[in-house]
Amino acid sequence: MSDLRELYQSVILDHNKHPRNFGALDGATHKADGHNPLCGDKINLQLIVEDGVVTDVAFEGEGCAISTASASVMTETLKGRTLRDVEALFGRFHDLVTGKGGGDLDELGKLAVFAGVSEFPIRVKCATLSWHTLRAALEGAGAPATTE
Ligand code: ZN
């Protein structure tokens, strides 16, 4: 288990240092801002959704290592997914980081690296900020997403 934990840790550190899909997106069809006041994490998420499929996604913002890595891994995971898949993934990711399991870790792919977050309740909002922001963007809500 400790090897796995170290692997998870190194993936999170790597994504924090070198966030994937970081920057603005040309031609975004959906966007939203998110804020986690508890930690000070801020994110702006932009997506291109075509025929119910996420074809591109990018984010900007600043926050702690967990929030940045979570947004980075999330953007990697979302590309090519249907909106139905995305909603299902959000539910499973939420279960994972809140210690309710999350089902088959293989299906969660790289998202599984955030399993350890469930041991740190205060970090759950850091890990889920990008997902809440994603939902706000897809729902087209005008108000920024907040974890509170
Ligand atoms: Zn945070």
# chains A, B, ... in the order shown; residues from 1 in each chain; ligands from 1
call {"tool": "residues_around", "arguments": {"residues": "Pro121 in chain A", "least_positions_apart": "4", "cutoff": "12 Å", "atoms": "only C-alpha atoms", "output": "PyMOL selection string"}}
result
chain A and resi 38+96-99+115-117+125-128
call {"tool": "residues_around", "arguments": {"residues": "Ala71 in chain A", "least_positions_apart": "2", "cutoff": "9 Å", "atoms": "only C-alpha atoms", "output": "list in words"}}
result
His15, Pro19, Arg20, Ile43, Leu45, Ala58, Phe59, Ile66, Ser67, Thr68, Ala69, Val73, Met74, Thr75, Glu76, Ala127, Thr128, Leu129, Ser130 and Trp131 of chain A
call {"tool": "residues_near_ligand", "arguments": {"ligand": "ligand 1", "cutoff": "7 Å", "atoms": "only C-alpha atoms and all ligand atoms", "output": "PyMOL selection string"}}
result
chain A and resi 39-41+63-67+123+126
call {"tool": "residues_around", "arguments": {"residues": "Leu7 in chain A", "least_positions_apart": "3", "cutoff": "12 Å", "atoms": "only C-alpha atoms", "output": "list of chain:residue names"}}
result
A:Met1, A:Ser2, A:Asp3, A:Leu4, A:Ser10, A:Val11, A:Ile12, A:Leu13, A:Asp14, A:Lys110, A:Ala112, A:Val113, A:Phe114, A:Ala115, A:Gly116
call {"tool": "select_by_dssp", "arguments": {"residues": "range 13-147 of chain A", "states": "strand (DSSP E or B)", "output": "ChimeraX atom specification"}}
result
/A:22,30-36,41-50,53-62,82,145-146
call {"tool": "closest_residue", "arguments": {"among": "A:Leu138, A:Glu60, A:Asp33, A:Asp106", "to": "Arg84 in chain A", "atoms": "only C-alpha atoms"}}
result
A:Leu138
call {"tool": "atom_distance", "arguments": {"atom1": "CA of Gln46 in chain A", "atom2": "CA of Gly91 in chain A"}}
result
20.4 Å
call {"tool": "closest_residue", "arguments": {"among": "A:Pro37, A:Lys17, A:Gly23, A:Thr82", "to": "Ile122 in chain A", "atoms": "only C-alpha atoms"}}
result
A:Pro37
call {"tool": "residues_around", "arguments": {"residues": "Lys100 in chain A", "least_positions_apart": "6", "cutoff": "9 Å", "atoms": "only C-alpha atoms", "output": "PyMOL selection string"}}
result
chain A and resi 92+94+118
call {"tool": "closest_residue", "arguments": {"among": "A:Asn36, A:Phe22, A:Gly52, A:His30", "to": "Thr146 in chain A", "atoms": "only C-alpha atoms"}}
result
A:Asn36
call {"tool": "decode", "arguments": {"residues": "range 7-19 of chain A", "atoms": "all heavy atoms", "output": "PDB file, in the first residue's frame"}}
result
ATOM      1  N   LEU A   7       3.301   6.374  -5.235  1.00  0.00           N
ATOM      2  CA  LEU A   7       3.013   6.591  -6.657  1.00  0.00           C
ATOM      3  C   LEU A   7       1.948   7.681  -6.799  1.00  0.00           C
ATOM      4  O   LEU A   7       2.088   8.611  -7.589  1.00  0.00           O
ATOM      5  CB  LEU A   7       2.513   5.291  -7.295  1.00  0.00           C
ATOM      6  CG  LEU A   7       1.966   5.439  -8.721  1.00  0.00           C
ATOM      7  CD1 LEU A   7       3.099   5.736  -9.695  1.00  0.00           C
ATOM      8  CD2 LEU A   7       1.231   4.185  -9.152  1.00  0.00           C
ATOM      9  N   TYR A   8       0.891   7.562  -6.012  1.00  0.00           N
ATOM     10  CA  TYR A   8      -0.189   8.542  -6.051  1.00  0.00           C
ATOM     11  C   TYR A   8       0.360   9.933  -5.751  1.00  0.00           C
ATOM     12  O   TYR A   8       0.056  10.910  -6.422  1.00  0.00           O
ATOM     13  CB  TYR A   8      -1.268   8.194  -5.014  1.00  0.00           C
ATOM     14  CG  TYR A   8      -2.161   7.046  -5.417  1.00  0.00           C
ATOM     15  CD1 TYR A   8      -3.168   6.614  -4.570  1.00  0.00           C
ATOM     16  CD2 TYR A   8      -2.015   6.414  -6.644  1.00  0.00           C
ATOM     17  CE1 TYR A   8      -4.012   5.559  -4.930  1.00  0.00           C
ATOM     18  CE2 TYR A   8      -2.849   5.367  -7.005  1.00  0.00           C
ATOM     19  CZ  TYR A   8      -3.840   4.948  -6.148  1.00  0.00           C
ATOM     20  OH  TYR A   8      -4.675   3.934  -6.502  1.00  0.00           O
ATOM     21  N   GLN A   9       1.188   9.991  -4.697  1.00  0.00           N
ATOM     22  CA  GLN A   9       1.788  11.252  -4.288  1.00  0.00           C
ATOM     23  C   GLN A   9       2.595  11.867  -5.429  1.00  0.00           C
ATOM     24  O   GLN A   9       2.501  13.061  -5.699  1.00  0.00           O
ATOM     25  CB  GLN A   9       2.718  10.975  -3.093  1.00  0.00           C
ATOM     26  CG  GLN A   9       3.126  12.215  -2.354  1.00  0.00           C
ATOM     27  CD  GLN A   9       2.083  12.606  -1.332  1.00  0.00           C
ATOM     28  OE1 GLN A   9       1.285  11.765  -0.922  1.00  0.00           O
ATOM     29  NE2 GLN A   9       2.056  13.846  -0.935  1.00  0.00           N
ATOM     30  N   SER A  10       3.377  11.027  -6.105  1.00  0.00           N
ATOM     31  CA  SER A  10       4.252  11.574  -7.143  1.00  0.00           C
ATOM     32  C   SER A  10       3.433  12.054  -8.345  1.00  0.00           C
ATOM     33  O   SER A  10       3.803  13.026  -8.994  1.00  0.00           O
ATOM     34  CB  SER A  10       5.317  10.557  -7.548  1.00  0.00           C
ATOM     35  OG  SER A  10       4.742   9.495  -8.246  1.00  0.00           O
ATOM     36  N   VAL A  11       2.326  11.387  -8.636  1.00  0.00           N
ATOM     37  CA  VAL A  11       1.468  11.842  -9.737  1.00  0.00           C
ATOM     38  C   VAL A  11       0.877  13.212  -9.400  1.00  0.00           C
ATOM     39  O   VAL A  11       0.853  14.128 -10.223  1.00  0.00           O
ATOM     40  CB  VAL A  11       0.330  10.823 -10.027  1.00  0.00           C
ATOM     41  CG1 VAL A  11      -0.666  11.407 -11.034  1.00  0.00           C
ATOM     42  CG2 VAL A  11       0.903   9.521 -10.561  1.00  0.00           C
ATOM     43  N   ILE A  12       0.431  13.351  -8.149  1.00  0.00           N
ATOM     44  CA  ILE A  12      -0.174  14.627  -7.732  1.00  0.00           C
ATOM     45  C   ILE A  12       0.866  15.749  -7.780  1.00  0.00           C
ATOM     46  O   ILE A  12       0.602  16.841  -8.300  1.00  0.00           O
ATOM     47  CB  ILE A  12      -0.784  14.495  -6.311  1.00  0.00           C
ATOM     48  CG1 ILE A  12      -2.029  13.599  -6.373  1.00  0.00           C
ATOM     49  CG2 ILE A  12      -1.141  15.870  -5.747  1.00  0.00           C
ATOM     50  CD1 ILE A  12      -2.592  13.220  -5.022  1.00  0.00           C
ATOM     51  N   LEU A  13       2.061  15.475  -7.299  1.00  0.00           N
ATOM     52  CA  LEU A  13       3.112  16.500  -7.313  1.00  0.00           C
ATOM     53  C   LEU A  13       3.479  16.885  -8.742  1.00  0.00           C
ATOM     54  O   LEU A  13       3.696  18.056  -9.046  1.00  0.00           O
ATOM     55  CB  LEU A  13       4.353  16.009  -6.556  1.00  0.00           C
ATOM     56  CG  LEU A  13       4.157  15.847  -5.049  1.00  0.00           C
ATOM     57  CD1 LEU A  13       5.410  15.273  -4.407  1.00  0.00           C
ATOM     58  CD2 LEU A  13       3.785  17.174  -4.398  1.00  0.00           C
ATOM     59  N   ASP A  14       3.525  15.887  -9.612  1.00  0.00           N
ATOM     60  CA  ASP A  14       3.875  16.141 -11.006  1.00  0.00           C
ATOM     61  C   ASP A  14       2.816  17.022 -11.681  1.00  0.00           C
ATOM     62  O   ASP A  14       3.147  17.986 -12.382  1.00  0.00           O
ATOM     63  CB  ASP A  14       4.011  14.807 -11.756  1.00  0.00           C
ATOM     64  CG  ASP A  14       4.261  15.015 -13.241  1.00  0.00           C
ATOM     65  OD1 ASP A  14       5.198  15.767 -13.575  1.00  0.00           O
ATOM     66  OD2 ASP A  14       3.512  14.456 -14.060  1.00  0.00           O
ATOM     67  N   HIS A  15       1.551  16.700 -11.446  1.00  0.00           N
ATOM     68  CA  HIS A  15       0.480  17.500 -12.066  1.00  0.00           C
ATOM     69  C   HIS A  15       0.400  18.908 -11.474  1.00  0.00           C
ATOM     70  O   HIS A  15      -0.024  19.839 -12.145  1.00  0.00           O
ATOM     71  CB  HIS A  15      -0.866  16.788 -11.935  1.00  0.00           C
ATOM     72  CG  HIS A  15      -1.104  15.791 -13.015  1.00  0.00           C
ATOM     73  ND1 HIS A  15      -1.817  16.072 -14.154  1.00  0.00           N
ATOM     74  CD2 HIS A  15      -0.679  14.517 -13.147  1.00  0.00           C
ATOM     75  CE1 HIS A  15      -1.830  15.006 -14.936  1.00  0.00           C
ATOM     76  NE2 HIS A  15      -1.160  14.040 -14.351  1.00  0.00           N
ATOM     77  N   ASN A  16       0.815  19.034 -10.207  1.00  0.00           N
ATOM     78  CA  ASN A  16       0.831  20.365  -9.608  1.00  0.00           C
ATOM     79  C   ASN A  16       1.939  21.217 -10.223  1.00  0.00           C
ATOM     80  O   ASN A  16       1.756  22.392 -10.511  1.00  0.00           O
ATOM     81  CB  ASN A  16       1.026  20.257  -8.097  1.00  0.00           C
ATOM     82  CG  ASN A  16       1.146  21.627  -7.443  1.00  0.00           C
ATOM     83  OD1 ASN A  16       0.325  22.504  -7.699  1.00  0.00           O
ATOM     84  ND2 ASN A  16       2.168  21.821  -6.634  1.00  0.00           N
ATOM     85  N   LYS A  17       3.076  20.579 -10.445  1.00  0.00           N
ATOM     86  CA  LYS A  17       4.230  21.289 -11.000  1.00  0.00           C
ATOM     87  C   LYS A  17       4.043  21.584 -12.481  1.00  0.00           C
ATOM     88  O   LYS A  17       4.431  22.636 -12.975  1.00  0.00           O
ATOM     89  CB  LYS A  17       5.479  20.417 -10.821  1.00  0.00           C
ATOM     90  CG  LYS A  17       6.677  21.152 -10.275  1.00  0.00           C
ATOM     91  CD  LYS A  17       7.809  20.167 -10.104  1.00  0.00           C
ATOM     92  CE  LYS A  17       8.882  20.721  -9.195  1.00  0.00           C
ATOM     93  NZ  LYS A  17       9.915  19.697  -8.922  1.00  0.00           N
ATOM     94  N   HIS A  18       3.463  20.634 -13.183  1.00  0.00           N
ATOM     95  CA  HIS A  18       3.281  20.769 -14.630  1.00  0.00           C
ATOM     96  C   HIS A  18       1.818  20.504 -14.983  1.00  0.00           C
ATOM     97  O   HIS A  18       1.494  19.454 -15.529  1.00  0.00           O
ATOM     98  CB  HIS A  18       4.158  19.766 -15.388  1.00  0.00           C
ATOM     99  CG  HIS A  18       5.593  19.771 -14.968  1.00  0.00           C
ATOM    100  ND1 HIS A  18       6.466  20.772 -15.335  1.00  0.00           N
ATOM    101  CD2 HIS A  18       6.302  18.921 -14.204  1.00  0.00           C
ATOM    102  CE1 HIS A  18       7.657  20.518 -14.797  1.00  0.00           C
ATOM    103  NE2 HIS A  18       7.585  19.398 -14.110  1.00  0.00           N
ATOM    104  N   PRO A  19       0.939  21.446 -14.659  1.00  0.00           N
ATOM    105  CA  PRO A  19      -0.477  21.203 -14.928  1.00  0.00           C
ATOM    106  C   PRO A  19      -0.747  21.011 -16.420  1.00  0.00           C
ATOM    107  O   PRO A  19      -0.217  21.759 -17.243  1.00  0.00           O
ATOM    108  CB  PRO A  19      -1.173  22.450 -14.394  1.00  0.00           C
ATOM    109  CG  PRO A  19      -0.141  23.325 -13.822  1.00  0.00           C
ATOM    110  CD  PRO A  19       1.207  22.745 -14.063  1.00  0.00           C
TER     111      PRO A  19
END
